[in-house]
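The data block below is run_11.pdb; it holds PDB, C-alpha atoms, pLDDT in the B column.
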ATOM      1  CA  GLN A   1       5.990   6.997 -14.998  1.00 56.00           C
ATOM      2  CA  GLN A   2       3.516   7.698 -12.258  1.00 62.00           C
ATOM      3  CA  GLN A   3       0.360   5.776 -13.028  1.00 89.00           C
ATOM      4  CA  VAL A   4      -1.739   7.087 -10.142  1.00 96.00           C
ATOM      5  CA  LYS A   5      -1.535  10.790  -9.347  1.00 96.00           C
ATOM      6  CA  GLN A   6      -2.847  11.963  -5.975  1.00 97.00           C
ATOM      7  CA  SER A   7      -3.517  15.463  -4.703  1.00 97.00           C
ATOM      8  CA  PRO A   8      -3.149  17.374  -2.514  1.00 97.00           C
ATOM      9  CA  GLN A   9       0.024  16.277  -0.721  1.00 96.00           C
ATOM     10  CA  SER A  10      -1.295  17.662   2.539  1.00 97.00           C
ATOM     11  CA  LEU A  11      -4.589  18.996   3.774  1.00 97.00           C
ATOM     12  CA  ILE A  12      -5.740  20.809   6.888  1.00 98.00           C
ATOM     13  CA  VAL A  13      -9.455  20.749   7.643  1.00 98.00           C
ATOM     14  CA  GLN A  14     -11.389  22.035  10.618  1.00 98.00           C
ATOM     15  CA  LYS A  15     -13.359  19.599  12.717  1.00 98.00           C
ATOM     16  CA  GLY A  16     -16.753  19.066  11.156  1.00 98.00           C
ATOM     17  CA  GLY A  17     -15.581  20.071   7.695  1.00 98.00           C
ATOM     18  CA  ILE A  18     -15.344  18.029   4.497  1.00 98.00           C
ATOM     19  CA  SER A  19     -11.995  16.581   3.451  1.00 98.00           C
ATOM     20  CA  ILE A  20     -11.556  15.877  -0.263  1.00 98.00           C
ATOM     21  CA  ILE A  21      -8.660  13.965  -1.804  1.00 98.00           C
ATOM     22  CA  ASN A  22      -8.376  13.420  -5.536  1.00 98.00           C
ATOM     23  CA  CYS A  23      -6.711  10.779  -7.665  1.00 98.00           C
ATOM     24  CA  ALA A  24      -6.276  10.296 -11.385  1.00 98.00           C
ATOM     25  CA  TYR A  25      -5.065   7.249 -13.258  1.00 97.00           C
ATOM     26  CA  GLU A  26      -3.819   6.514 -16.739  1.00 93.00           C
ATOM     27  CA  ASN A  27      -4.061   2.771 -17.245  1.00 93.00           C
ATOM     28  CA  THR A  28      -7.552   1.730 -18.326  1.00 92.00           C
ATOM     29  CA  ALA A  29      -6.760  -1.866 -17.372  1.00 92.00           C
ATOM     30  CA  PHE A  30      -7.082  -0.966 -13.673  1.00 93.00           C
ATOM     31  CA  ASP A  31     -10.236  -2.626 -12.383  1.00 91.00           C
ATOM     32  CA  TYR A  32     -10.545  -1.851  -8.670  1.00 93.00           C
ATOM     33  CA  PHE A  33      -9.793   1.310  -6.712  1.00 95.00           C
ATOM     34  CA  PRO A  34      -9.195   1.097  -2.958  1.00 95.00           C
ATOM     35  CA  TRP A  35      -8.316   3.795  -0.465  1.00 97.00           C
ATOM     36  CA  TYR A  36      -5.971   3.035   2.404  1.00 97.00           C
ATOM     37  CA  GLN A  37      -5.590   4.891   5.707  1.00 98.00           C
ATOM     38  CA  GLN A  38      -2.304   4.928   7.569  1.00 97.00           C
ATOM     39  CA  PHE A  39      -1.627   6.186  11.097  1.00 97.00           C
ATOM     40  CA  PRO A  40       1.930   7.072  12.160  1.00 94.00           C
ATOM     41  CA  GLY A  41       4.022   4.009  12.920  1.00 93.00           C
ATOM     42  CA  LYS A  42       1.414   1.617  11.510  1.00 95.00           C
ATOM     43  CA  GLY A  43       0.864  -0.211   8.264  1.00 96.00           C
ATOM     44  CA  PRO A  44      -1.814   0.974   5.832  1.00 96.00           C
ATOM     45  CA  ALA A  45      -5.308  -0.433   6.281  1.00 95.00           C
ATOM     46  CA  LEU A  46      -8.127  -0.645   3.749  1.00 94.00           C
ATOM     47  CA  LEU A  47     -10.686   2.106   4.254  1.00 96.00           C
ATOM     48  CA  ILE A  48     -13.097   1.816   1.339  1.00 95.00           C
ATOM     49  CA  ALA A  49     -12.965   0.612  -2.266  1.00 95.00           C
ATOM     50  CA  ILE A  50     -14.931   0.946  -5.495  1.00 95.00           C
ATOM     51  CA  ARG A  51     -15.244  -0.847  -8.818  1.00 92.00           C
ATOM     52  CA  PRO A  52     -15.376   1.194 -12.045  1.00 90.00           C
ATOM     53  CA  ASP A  53     -18.941   0.163 -12.870  1.00 92.00           C
ATOM     54  CA  VAL A  54     -20.186   2.177  -9.885  1.00 93.00           C
ATOM     55  CA  SER A  55     -20.088   5.995  -9.700  1.00 95.00           C
ATOM     56  CA  GLU A  56     -20.296   6.347  -5.949  1.00 97.00           C
ATOM     57  CA  LYS A  57     -19.839   4.258  -2.823  1.00 96.00           C
ATOM     58  CA  LYS A  58     -20.577   5.409   0.692  1.00 97.00           C
ATOM     59  CA  GLU A  59     -19.582   3.849   3.991  1.00 96.00           C
ATOM     60  CA  GLY A  60     -20.468   5.947   6.990  1.00 97.00           C
ATOM     61  CA  ARG A  61     -18.720   9.316   6.682  1.00 98.00           C
ATOM     62  CA  PHE A  62     -16.504   8.117   3.823  1.00 98.00           C
ATOM     63  CA  THR A  63     -17.575   8.337   0.184  1.00 98.00           C
ATOM     64  CA  ILE A  64     -15.735   7.493  -3.022  1.00 97.00           C
ATOM     65  CA  SER A  65     -16.831   9.260  -6.198  1.00 96.00           C
ATOM     66  CA  PHE A  66     -15.684   7.666  -9.448  1.00 96.00           C
ATOM     67  CA  ASN A  67     -15.610   9.183 -12.942  1.00 95.00           C
ATOM     68  CA  LYS A  68     -14.629   6.493 -15.418  1.00 94.00           C
ATOM     69  CA  SER A  69     -14.579   8.733 -18.506  1.00 94.00           C
ATOM     70  CA  ALA A  70     -12.265  11.233 -16.802  1.00 96.00           C
ATOM     71  CA  LYS A  71     -10.210   8.455 -15.169  1.00 96.00           C
ATOM     72  CA  GLN A  72     -10.542  10.175 -11.824  1.00 97.00           C
ATOM     73  CA  PHE A  73     -11.780   9.214  -8.381  1.00 97.00           C
ATOM     74  CA  SER A  74     -11.945  11.006  -5.093  1.00 98.00           C
ATOM     75  CA  LEU A  75     -12.412  10.386  -1.377  1.00 98.00           C
ATOM     76  CA  HIS A  76     -14.755  12.602   0.596  1.00 98.00           C
ATOM     77  CA  ILE A  77     -14.684  12.532   4.395  1.00 98.00           C
ATOM     78  CA  MET A  78     -17.796  14.187   5.793  1.00 98.00           C
ATOM     79  CA  ASP A  79     -17.885  15.704   9.293  1.00 98.00           C
ATOM     80  CA  SER A  80     -14.112  15.263   9.582  1.00 98.00           C
ATOM     81  CA  GLN A  81     -12.862  14.411  13.076  1.00 98.00           C
ATOM     82  CA  PRO A  82      -9.434  14.758  14.734  1.00 97.00           C
ATOM     83  CA  GLY A  83      -9.267  10.948  14.784  1.00 97.00           C
ATOM     84  CA  ASP A  84      -9.316  11.029  10.966  1.00 98.00           C
ATOM     85  CA  SER A  85      -5.889  12.696  10.996  1.00 98.00           C
ATOM     86  CA  ALA A  86      -3.757  10.238   9.052  1.00 98.00           C
ATOM     87  CA  THR A  87      -2.148   9.680   5.679  1.00 97.00           C
ATOM     88  CA  TYR A  88      -4.482   8.514   2.924  1.00 98.00           C
ATOM     89  CA  PHE A  89      -3.419   6.596  -0.156  1.00 97.00           C
ATOM     90  CA  CYS A  90      -5.464   5.909  -3.233  1.00 97.00           C
ATOM     91  CA  ALA A  91      -4.571   2.835  -5.240  1.00 96.00           C
ATOM     92  CA  ALA A  92      -5.503   1.047  -8.419  1.00 95.00           C
ATOM     93  CA  ARG A  93      -5.434  -2.673  -9.050  1.00 93.00           C
ATOM     94  CA  LEU A  94      -4.127  -4.537 -12.063  1.00 91.00           C
ATOM     95  CA  LEU A  95      -5.494  -8.046 -12.329  1.00 86.00           C
ATOM     96  CA  GLY A  96      -3.571 -10.574 -14.391  1.00 83.00           C
ATOM     97  CA  ALA A  97      -3.601 -14.313 -14.884  1.00 79.00           C
ATOM     98  CA  GLY A  98      -3.073 -15.611 -11.365  1.00 79.00           C
ATOM     99  CA  TYR A  99      -1.876 -12.365  -9.832  1.00 83.00           C
ATOM    100  CA  SER A 100      -2.984  -8.912  -8.822  1.00 89.00           C
ATOM    101  CA  THR A 101      -0.924  -5.850  -7.924  1.00 92.00           C
ATOM    102  CA  LEU A 102      -1.741  -2.425  -6.525  1.00 94.00           C
ATOM    103  CA  THR A 103      -0.252   0.864  -7.720  1.00 94.00           C
ATOM    104  CA  PHE A 104      -0.426   3.539  -5.048  1.00 95.00           C
ATOM    105  CA  GLY A 105      -0.638   7.301  -5.194  1.00 96.00           C
ATOM    106  CA  LYS A 106       1.951   9.276  -3.253  1.00 96.00           C
ATOM    107  CA  GLY A 107      -0.345   9.913  -0.324  1.00 97.00           C
ATOM    108  CA  THR A 108      -2.134  12.826   1.341  1.00 97.00           C
ATOM    109  CA  MET A 109      -1.388  13.797   4.915  1.00 97.00           C
ATOM    110  CA  LEU A 110      -4.655  14.957   6.489  1.00 98.00           C
ATOM    111  CA  LEU A 111      -4.746  17.006   9.669  1.00 98.00           C
ATOM    112  CA  VAL A 112      -8.137  17.717  11.215  1.00 98.00           C
ATOM    113  CA  SER A 113      -7.846  20.585  13.647  1.00 96.00           C
ATOM    114  CA  PRO A 114     -10.042  20.515  16.766  1.00 91.00           C
TER     115      PRO A 114
ATOM    116  CA  ASN B   1      -4.454 -14.276  15.086  1.00 66.00           C
ATOM    117  CA  ALA B   2      -1.482 -11.988  14.581  1.00 77.00           C
ATOM    118  CA  GLY B   3      -2.271 -11.243  10.922  1.00 93.00           C
ATOM    119  CA  VAL B   4       0.969 -10.123   9.283  1.00 97.00           C
ATOM    120  CA  THR B   5       4.139  -9.926  11.377  1.00 97.00           C
ATOM    121  CA  GLN B   6       7.476  -8.431  10.390  1.00 98.00           C
ATOM    122  CA  THR B   7      10.887  -8.682  12.006  1.00 97.00           C
ATOM    123  CA  PRO B   8      12.876  -6.733  12.919  1.00 97.00           C
ATOM    124  CA  LYS B   9      10.972  -3.523  13.682  1.00 96.00           C
ATOM    125  CA  PHE B  10      14.088  -1.376  13.368  1.00 97.00           C
ATOM    126  CA  GLN B  11      17.516  -1.966  11.869  1.00 97.00           C
ATOM    127  CA  VAL B  12      20.616   0.104  11.212  1.00 97.00           C
ATOM    128  CA  LEU B  13      23.104  -1.182   8.661  1.00 97.00           C
ATOM    129  CA  LYS B  14      26.383   0.061   7.323  1.00 97.00           C
ATOM    130  CA  THR B  15      26.819   0.399   3.570  1.00 98.00           C
ATOM    131  CA  GLY B  16      27.710  -2.963   2.077  1.00 97.00           C
ATOM    132  CA  GLN B  17      26.227  -5.082   4.863  1.00 97.00           C
ATOM    133  CA  SER B  18      23.556  -7.634   4.113  1.00 97.00           C
ATOM    134  CA  MET B  19      20.391  -8.526   5.933  1.00 96.00           C
ATOM    135  CA  THR B  20      17.073 -10.327   5.552  1.00 98.00           C
ATOM    136  CA  LEU B  21      13.710  -8.880   6.480  1.00 98.00           C
ATOM    137  CA  GLN B  22      11.248 -11.508   7.599  1.00 97.00           C
ATOM    138  CA  CYS B  23       7.502 -11.558   7.032  1.00 98.00           C
ATOM    139  CA  ALA B  24       4.971 -14.138   8.143  1.00 97.00           C
ATOM    140  CA  GLN B  25       1.183 -14.296   7.841  1.00 97.00           C
ATOM    141  CA  ASP B  26      -1.316 -16.524   9.563  1.00 95.00           C
ATOM    142  CA  MET B  27      -4.252 -15.565   7.324  1.00 93.00           C
ATOM    143  CA  ASN B  28      -3.723 -18.454   4.896  1.00 92.00           C
ATOM    144  CA  HIS B  29      -3.536 -16.031   1.982  1.00 93.00           C
ATOM    145  CA  ASN B  30      -1.973 -17.024  -1.306  1.00 92.00           C
ATOM    146  CA  SER B  31      -0.327 -13.774  -2.367  1.00 94.00           C
ATOM    147  CA  MET B  32       2.331 -11.810  -0.528  1.00 96.00           C
ATOM    148  CA  TYR B  33       4.026  -8.485  -1.293  1.00 97.00           C
ATOM    149  CA  TRP B  34       6.975  -6.345  -0.283  1.00 98.00           C
ATOM    150  CA  TYR B  35       6.722  -2.553  -0.515  1.00 98.00           C
ATOM    151  CA  ARG B  36       8.973   0.299   0.432  1.00 98.00           C
ATOM    152  CA  GLN B  37       7.627   3.617   1.676  1.00 97.00           C
ATOM    153  CA  ASP B  38       9.630   6.804   1.328  1.00 95.00           C
ATOM    154  CA  PRO B  39       8.489  10.326   2.240  1.00 89.00           C
ATOM    155  CA  GLY B  40       6.438  11.819  -0.556  1.00 86.00           C
ATOM    156  CA  MET B  41       6.746   8.678  -2.687  1.00 88.00           C
ATOM    157  CA  GLY B  42       3.866   6.564  -1.483  1.00 91.00           C
ATOM    158  CA  LEU B  43       4.198   2.793  -1.429  1.00 95.00           C
ATOM    159  CA  ARG B  44       6.218   1.210  -4.189  1.00 96.00           C
ATOM    160  CA  LEU B  45       6.114  -2.488  -4.942  1.00 96.00           C
ATOM    161  CA  ILE B  46       9.473  -4.252  -4.725  1.00 97.00           C
ATOM    162  CA  TYR B  47       8.541  -7.908  -5.300  1.00 97.00           C
ATOM    163  CA  TYR B  48       5.469 -10.046  -4.991  1.00 96.00           C
ATOM    164  CA  SER B  49       4.571 -13.699  -4.811  1.00 95.00           C
ATOM    165  CA  ALA B  50       1.225 -14.628  -6.313  1.00 92.00           C
ATOM    166  CA  SER B  51       1.367 -18.087  -4.776  1.00 90.00           C
ATOM    167  CA  GLU B  52       3.772 -20.408  -3.027  1.00 90.00           C
ATOM    168  CA  GLY B  53       6.681 -21.173  -5.326  1.00 89.00           C
ATOM    169  CA  THR B  54       6.406 -18.062  -7.521  1.00 93.00           C
ATOM    170  CA  THR B  55       7.947 -14.607  -7.249  1.00 96.00           C
ATOM    171  CA  ASP B  56       7.881 -11.625  -9.597  1.00 95.00           C
ATOM    172  CA  LYS B  57       9.487  -8.206  -9.787  1.00 95.00           C
ATOM    173  CA  GLY B  58       7.542  -5.105  -8.970  1.00 94.00           C
ATOM    174  CA  GLU B  59       8.307  -1.476  -9.704  1.00 93.00           C
ATOM    175  CA  VAL B  60      11.611  -1.158  -7.796  1.00 96.00           C
ATOM    176  CA  PRO B  61      13.321  -4.584  -7.528  1.00 97.00           C
ATOM    177  CA  ASN B  62      16.969  -3.550  -8.031  1.00 96.00           C
ATOM    178  CA  GLY B  63      19.176  -4.360  -5.040  1.00 96.00           C
ATOM    179  CA  TYR B  64      16.713  -6.837  -3.527  1.00 98.00           C
ATOM    180  CA  ASN B  65      16.006 -10.542  -3.609  1.00 97.00           C
ATOM    181  CA  VAL B  66      13.070 -12.459  -2.189  1.00 98.00           C
ATOM    182  CA  SER B  67      12.240 -15.970  -1.093  1.00 97.00           C
ATOM    183  CA  ARG B  68       8.765 -17.436  -0.669  1.00 96.00           C
ATOM    184  CA  LEU B  69       9.764 -20.026   1.916  1.00 88.00           C
ATOM    185  CA  ASN B  70       6.281 -21.532   2.233  1.00 95.00           C
ATOM    186  CA  LYS B  71       2.719 -20.257   2.148  1.00 94.00           C
ATOM    187  CA  ARG B  72       3.186 -18.313   5.398  1.00 96.00           C
ATOM    188  CA  GLU B  73       6.611 -16.725   4.938  1.00 97.00           C
ATOM    189  CA  PHE B  74       8.056 -14.278   2.436  1.00 98.00           C
ATOM    190  CA  SER B  75      11.499 -12.788   3.086  1.00 98.00           C
ATOM    191  CA  LEU B  76      13.276  -9.812   1.532  1.00 98.00           C
ATOM    192  CA  ARG B  77      17.062  -9.796   1.298  1.00 98.00           C
ATOM    193  CA  LEU B  78      19.439  -6.903   0.793  1.00 97.00           C
ATOM    194  CA  GLU B  79      22.744  -8.393  -0.344  1.00 93.00           C
ATOM    195  CA  SER B  80      24.812  -5.193  -0.176  1.00 96.00           C
ATOM    196  CA  ALA B  81      22.908  -2.384   1.484  1.00 97.00           C
ATOM    197  CA  ALA B  82      23.139   1.149   0.104  1.00 97.00           C
ATOM    198  CA  PRO B  83      22.022   4.458   1.672  1.00 97.00           C
ATOM    199  CA  SER B  84      19.338   4.679  -1.037  1.00 97.00           C
ATOM    200  CA  GLN B  85      17.699   1.659   0.571  1.00 98.00           C
ATOM    201  CA  THR B  86      16.978   3.601   3.747  1.00 98.00           C
ATOM    202  CA  SER B  87      13.218   3.292   3.965  1.00 98.00           C
ATOM    203  CA  VAL B  88      10.272   1.748   5.757  1.00 98.00           C
ATOM    204  CA  TYR B  89       9.500  -1.696   4.397  1.00 98.00           C
ATOM    205  CA  PHE B  90       6.027  -3.181   4.497  1.00 98.00           C
ATOM    206  CA  CYS B  91       4.951  -6.721   3.846  1.00 98.00           C
ATOM    207  CA  ALA B  92       1.361  -7.467   2.830  1.00 97.00           C
ATOM    208  CA  CYS B  93      -0.745 -10.488   2.047  1.00 95.00           C
ATOM    209  CA  GLN B  94      -3.879 -10.903  -0.033  1.00 93.00           C
ATOM    210  CA  ASP B  95      -6.384 -13.616  -0.691  1.00 82.00           C
ATOM    211  CA  ARG B  96      -8.550 -14.030  -3.769  1.00 76.00           C
ATOM    212  CA  ALA B  97     -11.784 -11.976  -3.916  1.00 71.00           C
ATOM    213  CA  PRO B  98     -12.306  -9.415  -2.462  1.00 70.00           C
ATOM    214  CA  TYR B  99      -8.593  -8.886  -2.993  1.00 78.00           C
ATOM    215  CA  GLU B 100      -7.991  -6.756   0.095  1.00 87.00           C
ATOM    216  CA  GLN B 101      -4.338  -6.417   1.031  1.00 92.00           C
ATOM    217  CA  TYR B 102      -3.425  -6.678   4.708  1.00 94.00           C
ATOM    218  CA  PHE B 103      -0.252  -4.941   5.782  1.00 96.00           C
ATOM    219  CA  GLY B 104       2.251  -5.690   8.503  1.00 97.00           C
ATOM    220  CA  PRO B 105       3.529  -3.030  10.938  1.00 96.00           C
ATOM    221  CA  GLY B 106       6.664  -2.302   8.912  1.00 97.00           C
ATOM    222  CA  THR B 107      10.444  -2.417   9.348  1.00 97.00           C
ATOM    223  CA  ARG B 108      12.301   0.875   9.555  1.00 97.00           C
ATOM    224  CA  LEU B 109      15.723   0.419   7.948  1.00 98.00           C
ATOM    225  CA  THR B 110      18.535   2.960   8.018  1.00 97.00           C
ATOM    226  CA  VAL B 111      21.675   2.434   5.952  1.00 97.00           C
ATOM    227  CA  THR B 112      24.609   4.664   6.890  1.00 96.00           C
TER     228      THR B 112
END

Starting from the file, lay out its structure as structure tokens.
Amino acid sequence: QQQVKQSPQSLIVQKGGISIINCAYENTAFDYFPWYQQFPGKGPALLIAIRPDVSEKKEGRFTISFNKSAKQFSLHIMDSQPGDSATYFCAARLLGAGYSTLTFGKGTMLLVSP
Amino acid sequence: NAGVTQTPKFQVLKTGQSMTLQCAQDMNHNSMYWYRQDPGMGLRLIYYSASEGTTDKGEVPNGYNVSRLNKREFSLRLESAAPSQTSVYFCACQDRAPYEQYFGPGTRLTVT
């Protein structure tokens, strides 16, 4: 059972355009929603994250929009640049007694054309 | 500080062989994780260790064992490798709040 669904699988955007990646989750116990960026041959790195009591979070050109009632969240990359070309993963955290785990979406490969 | 290191970077095994993937962190974080990454499948949690002395199964633990040797080191063992275990393996560590996970550079494993 896939608990975090991510779309699209791949995305091509022109330089200067807006890249939008969507995720949906099922488990209402998730309490924290990070986005990770991964370049080829590297490990993922945290890009931006949001808690469900906030509807939007912006850091530079990156914005997360969060819709708690729809159980959906999305990443917007404004003024996309070739250096943003990477794979993006959304994730959702489950926090238990003394532990926390992340469930990841399947990833979106973004290509920003010059 | 190196952050999270993984050895080896690459490995080729024959079916049935065993090996141990090593992970070490110098961030003094309590929790450590092992993931596998397959094309189109995202990152799937194999095992995790919330603190030194504890380990728990994740989403895809079959065929793997782990050892939390001390606070710094968390190893992943394949006792009898199978072609289905061909993957890129990532180790990660995490402290308490803000709960960010830091990933190592990965080990690319091929089982023939």

Point to revise | All residues 8 Å or closer to Met78 (chain A), all atoms listed in the file, same chain fewer than 2 positions away omitted, as a ChimeraX atom specification | key: /A:16-19,61-62,76,80

Review point. Care to translate the PyMOL selection byres ((chain B and resi 36-43) around 7) into actual residues of this file, as a PyMOL selection string?
Key: (chain A and resi 104-107) or (chain B and resi 34-35+44-46+87-90)

Produce the centre coordinates and the three edge lengths, each in Å to one decimal, of the box along x, y and z that contains all listed atoms of region 60-64 of chain B with 4 Å added on each side, as AutoDock Vina command-line options.
--center_x 15.4 --center_y -4.0 --center_z -5.8 --size_x 15.6 --size_y 13.7 --size_z 12.5

Exercise for review: Would you write out, as a PyMOL selection string, every residue that the ChimeraX specification (/A :<12) & /B captures in this file?
Suggested key: chain B and resi 3-6+9-10+30-52+54-59+88-108

Point to revise | Distance in Å - CA of Trp35 (chain A) versus CA of Ala92 (chain A) | key: 8.9 Å

Exercise for review: Tell me, as an MDAnalysis selection string, which residues lie within 10 Å of Ala24 (chain A), counting all atoms listed in the file; anything in the same chain fewer than 3 positions away does not count.
Suggested key: chainID A and resid 3:7 27 66:67 70:74 90:92 105

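For the pair CA of Lys15 (chain A) and CA of Gln81 (chain A), the interatomic distance is 5.2 Å.
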
**Study point:** Å distance separating CA of Ala86 (chain A) from CA of Leu110 (chain A), one decimal place
**Key:** 5.4 Å

Point to revise | Near-Val66 (chain B) list (6 Å; only C-alpha atoms; drop same-chain fewer than 5 positions) as a count of residues only | key: 3

Using all atoms listed in the file, which residues sit within 6 Å of Leu75 (chain A) once same-chain residues fewer than 2 positions away are excluded, as a compact mmCIF listing (two decimals) with C-alpha atoms, in the coordinates of the input?
# COMPACT_ATOMS: atom_id res chain seq x y z
CA ILE A 20 -11.56 15.88 -0.26
CA ILE A 21 -8.66 13.96 -1.80
CA THR A 63 -17.58 8.34 0.18
CA ILE A 64 -15.74 7.49 -3.02

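For the file at hand, the PyMOL selection byres ((chain B and resi 85) around 9) resolves to Arg36, Gly63, Leu78, Ala81, Ala82, Pro83, Ser84, Thr86, Ser87, Leu109, Thr110 and Val111 of chain B.
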
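When all atoms listed in the file are used to measure the gap to Asp84 (chain A), the shortest distance among A:Ser113, A:Ser10, A:Ser55, A:Thr28 belongs to A:Ser113.
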